[in-house]
$ cat model15.cif   # mmCIF, C-alpha atoms
data_structure
#
loop_
_atom_site.group_PDB
_atom_site.id
_atom_site.type_symbol
_atom_site.label_atom_id
_atom_site.label_comp_id
_atom_site.auth_asym_id
_atom_site.auth_seq_id
_atom_site.Cartn_x
_atom_site.Cartn_y
_atom_site.Cartn_z
ATOM 1 C CA VAL A 1 -24.244 90.305 44.891
ATOM 2 C CA ASN A 2 -28.023 89.968 44.873
ATOM 3 C CA ARG A 3 -28.222 93.245 46.755
ATOM 4 C CA LEU A 4 -31.939 93.568 45.977
ATOM 5 C CA GLY A 5 -32.697 90.166 47.537
ATOM 6 C CA SER A 6 -34.376 88.622 44.505
ATOM 7 C CA SER A 7 -35.216 84.948 44.941
ATOM 8 C CA THR A 8 -36.987 84.358 41.619
ATOM 9 C CA GLY A 9 -34.253 85.269 39.161
ATOM 10 C CA VAL A 10 -32.097 88.142 38.048
ATOM 11 C CA MET A 11 -33.054 91.644 39.112
ATOM 12 C CA GLY A 12 -31.126 94.848 38.553
ATOM 13 C CA GLN A 13 -31.536 98.500 39.358
ATOM 14 C CA ALA A 14 -30.146 101.623 37.740
ATOM 15 C CA VAL A 15 -30.572 105.300 38.518
ATOM 16 C CA PRO A 16 -32.536 106.793 35.624
ATOM 17 C CA ASP A 17 -31.325 109.908 33.826
ATOM 18 C CA PHE A 18 -34.324 111.690 32.360
ATOM 19 C CA THR A 19 -32.199 114.355 30.662
ATOM 20 C CA GLY A 20 -30.842 111.878 28.124
ATOM 21 C CA THR A 21 -27.305 113.177 28.556
ATOM 22 C CA LYS A 22 -25.821 110.187 30.387
ATOM 23 C CA THR A 23 -25.836 106.481 29.693
ATOM 24 C CA VAL A 24 -27.816 104.571 32.309
ATOM 25 C CA GLU A 25 -25.591 101.968 33.932
ATOM 26 C CA LEU A 26 -26.553 98.940 35.952
ATOM 27 C CA ASP A 27 -25.183 98.761 39.501
ATOM 28 C CA THR A 28 -21.903 96.787 39.509
ATOM 29 C CA GLY A 29 -23.157 94.340 42.154
ATOM 30 C CA ASP A 30 -26.321 93.723 40.136
ATOM 31 C CA ARG A 31 -24.220 93.128 37.024
ATOM 32 C CA LEU A 32 -22.124 90.577 38.917
ATOM 33 C CA SER A 33 -25.314 88.861 40.143
ATOM 34 C CA CYS A 34 -26.434 88.554 36.505
ATOM 35 C CA GLU A 35 -23.126 87.056 35.433
ATOM 36 C CA LEU A 36 -23.086 84.526 38.274
ATOM 37 C CA TYR A 37 -26.707 83.579 37.597
ATOM 38 C CA GLY A 38 -25.882 83.010 33.932
ATOM 39 C CA GLN A 39 -22.957 80.783 34.907
ATOM 40 C CA ARG A 40 -25.233 78.685 37.152
ATOM 41 C CA ILE A 41 -27.772 78.305 34.330
ATOM 42 C CA ALA A 42 -25.010 77.278 31.877
ATOM 43 C CA THR A 43 -23.634 74.718 34.333
ATOM 44 C CA ALA A 44 -27.087 73.226 34.931
ATOM 45 C CA THR A 45 -27.786 73.104 31.191
ATOM 46 C CA LYS A 46 -24.553 71.225 30.526
ATOM 47 C CA ARG A 47 -25.396 68.779 33.311
ATOM 48 C CA TRP A 48 -28.882 68.116 31.885
ATOM 49 C CA GLN A 49 -27.574 67.500 28.357
ATOM 50 C CA LYS A 50 -25.939 64.209 29.340
#
$ encode --input "model15.cif" --output "structure tokens"
Amino acid sequence: VNRLGSSTGVMGQAVPDFTGTKTVELDTGDRLSCELYGQRIATATKRWQK
């Protein structure tokens, strides 16, 4: 996770397909980084709501 080494938030990378024939997909590790980041934000938000 965080394979791109971002320290300021979520960052993802995908290989572009300029032919328009394939769906561009986010790298699986980048997707996992996004999910984990979202979980941390949700946890912090719940903690601050008290």
$ residues_near_point --input "model15.cif" --point "(-31.6, 91.3, 39.0)" --cutoff "10 Å" --atoms "all atoms listed in the file" --output "ChimeraX atom specification"
/A:1-13,26-27,29-34,37
$ atom_distance --input "model15.cif" --atom1 "atom CA of Thr21 of chain A" --atom2 "atom CA of Glu35 of chain A"
27.3 Å
$ atom_distance --input "model15.cif" --atom1 "atom CA of Thr43 of chain A" --atom2 "atom CA of Thr28 of chain A"
22.7 Å
$ residues_near_point --input "model15.cif" --point "(-31.3, 103.4, 37.1)" --cutoff "7 Å" --atoms "all atoms listed in the file" --output "PyMOL selection string"
chain A and resi 13-16+24-26
$ decode --input "model15.cif" --residues "chain A" --atoms "C-alpha atoms" --output "PDB file, in the first residue's frame"
ATOM      1  CA  VAL A   1       0.000   0.000   0.000  1.00  0.00           C
ATOM      2  CA  ASN A   2       1.050   3.597  -0.600  1.00  0.00           C
ATOM      3  CA  ARG A   3       3.362   2.359  -3.328  1.00  0.00           C
ATOM      4  CA  LEU A   4       3.772   5.890  -4.704  1.00  0.00           C
ATOM      5  CA  GLY A   5       4.974   7.209  -1.328  1.00  0.00           C
ATOM      6  CA  SER A   6       2.383   9.954  -0.946  1.00  0.00           C
ATOM      7  CA  SER A   7       2.509  11.703   2.418  1.00  0.00           C
ATOM      8  CA  THR A   8      -0.191  14.322   1.813  1.00  0.00           C
ATOM      9  CA  GLY A   9      -3.187  12.127   1.070  1.00  0.00           C
ATOM     10  CA  VAL A  10      -4.457   9.562  -1.369  1.00  0.00           C
ATOM     11  CA  MET A  11      -2.660   9.159  -4.674  1.00  0.00           C
ATOM     12  CA  GLY A  12      -3.292   6.572  -7.358  1.00  0.00           C
ATOM     13  CA  GLN A  13      -1.879   5.683 -10.730  1.00  0.00           C
ATOM     14  CA  ALA A  14      -3.363   3.876 -13.702  1.00  0.00           C
ATOM     15  CA  VAL A  15      -1.968   2.999 -17.107  1.00  0.00           C
ATOM     16  CA  PRO A  16      -3.904   5.082 -19.632  1.00  0.00           C
ATOM     17  CA  ASP A  17      -5.505   3.487 -22.680  1.00  0.00           C
ATOM     18  CA  PHE A  18      -5.746   6.093 -25.413  1.00  0.00           C
ATOM     19  CA  THR A  19      -7.588   3.760 -27.793  1.00  0.00           C
ATOM     20  CA  GLY A  20     -10.746   3.852 -25.685  1.00  0.00           C
ATOM     21  CA  THR A  21     -11.194   0.096 -25.962  1.00  0.00           C
ATOM     22  CA  LYS A  22     -10.338  -0.844 -22.373  1.00  0.00           C
ATOM     23  CA  THR A  23     -11.528   0.427 -19.030  1.00  0.00           C
ATOM     24  CA  VAL A  24      -8.751   2.181 -17.125  1.00  0.00           C
ATOM     25  CA  GLU A  25      -8.254   0.493 -13.769  1.00  0.00           C
ATOM     26  CA  LEU A  26      -6.503   1.779 -10.694  1.00  0.00           C
ATOM     27  CA  ASP A  27      -3.582  -0.301  -9.409  1.00  0.00           C
ATOM     28  CA  THR A  28      -4.830  -2.755  -6.749  1.00  0.00           C
ATOM     29  CA  GLY A  29      -2.319  -1.523  -4.155  1.00  0.00           C
ATOM     30  CA  ASP A  30      -3.379   2.075  -4.784  1.00  0.00           C
ATOM     31  CA  ARG A  31      -7.024   1.067  -4.402  1.00  0.00           C
ATOM     32  CA  LEU A  32      -6.227  -0.583  -1.066  1.00  0.00           C
ATOM     33  CA  SER A  33      -4.377   2.571   0.055  1.00  0.00           C
ATOM     34  CA  CYS A  34      -7.527   4.583  -0.730  1.00  0.00           C
ATOM     35  CA  GLU A  35      -9.734   2.226   1.248  1.00  0.00           C
ATOM     36  CA  LEU A  36      -7.430   2.240   4.276  1.00  0.00           C
ATOM     37  CA  TYR A  37      -7.138   6.030   4.146  1.00  0.00           C
ATOM     38  CA  GLY A  38     -10.926   6.329   4.072  1.00  0.00           C
ATOM     39  CA  GLN A  39     -11.192   4.041   7.099  1.00  0.00           C
ATOM     40  CA  ARG A  40      -8.706   6.213   9.027  1.00  0.00           C
ATOM     41  CA  ILE A  41     -10.676   9.360   8.148  1.00  0.00           C
ATOM     42  CA  ALA A  42     -13.957   7.706   9.244  1.00  0.00           C
ATOM     43  CA  THR A  43     -12.416   6.588  12.539  1.00  0.00           C
ATOM     44  CA  ALA A  44     -11.049  10.072  13.245  1.00  0.00           C
ATOM     45  CA  THR A  45     -14.391  11.666  12.364  1.00  0.00           C
ATOM     46  CA  LYS A  46     -16.248   9.391  14.774  1.00  0.00           C
ATOM     47  CA  ARG A  47     -13.725  10.209  17.498  1.00  0.00           C
ATOM     48  CA  TRP A  48     -14.139  13.974  16.966  1.00  0.00           C
ATOM     49  CA  GLN A  49     -17.946  13.806  17.084  1.00  0.00           C
ATOM     50  CA  LYS A  50     -17.979  13.021  20.806  1.00  0.00           C
TER      51      LYS A  50
END
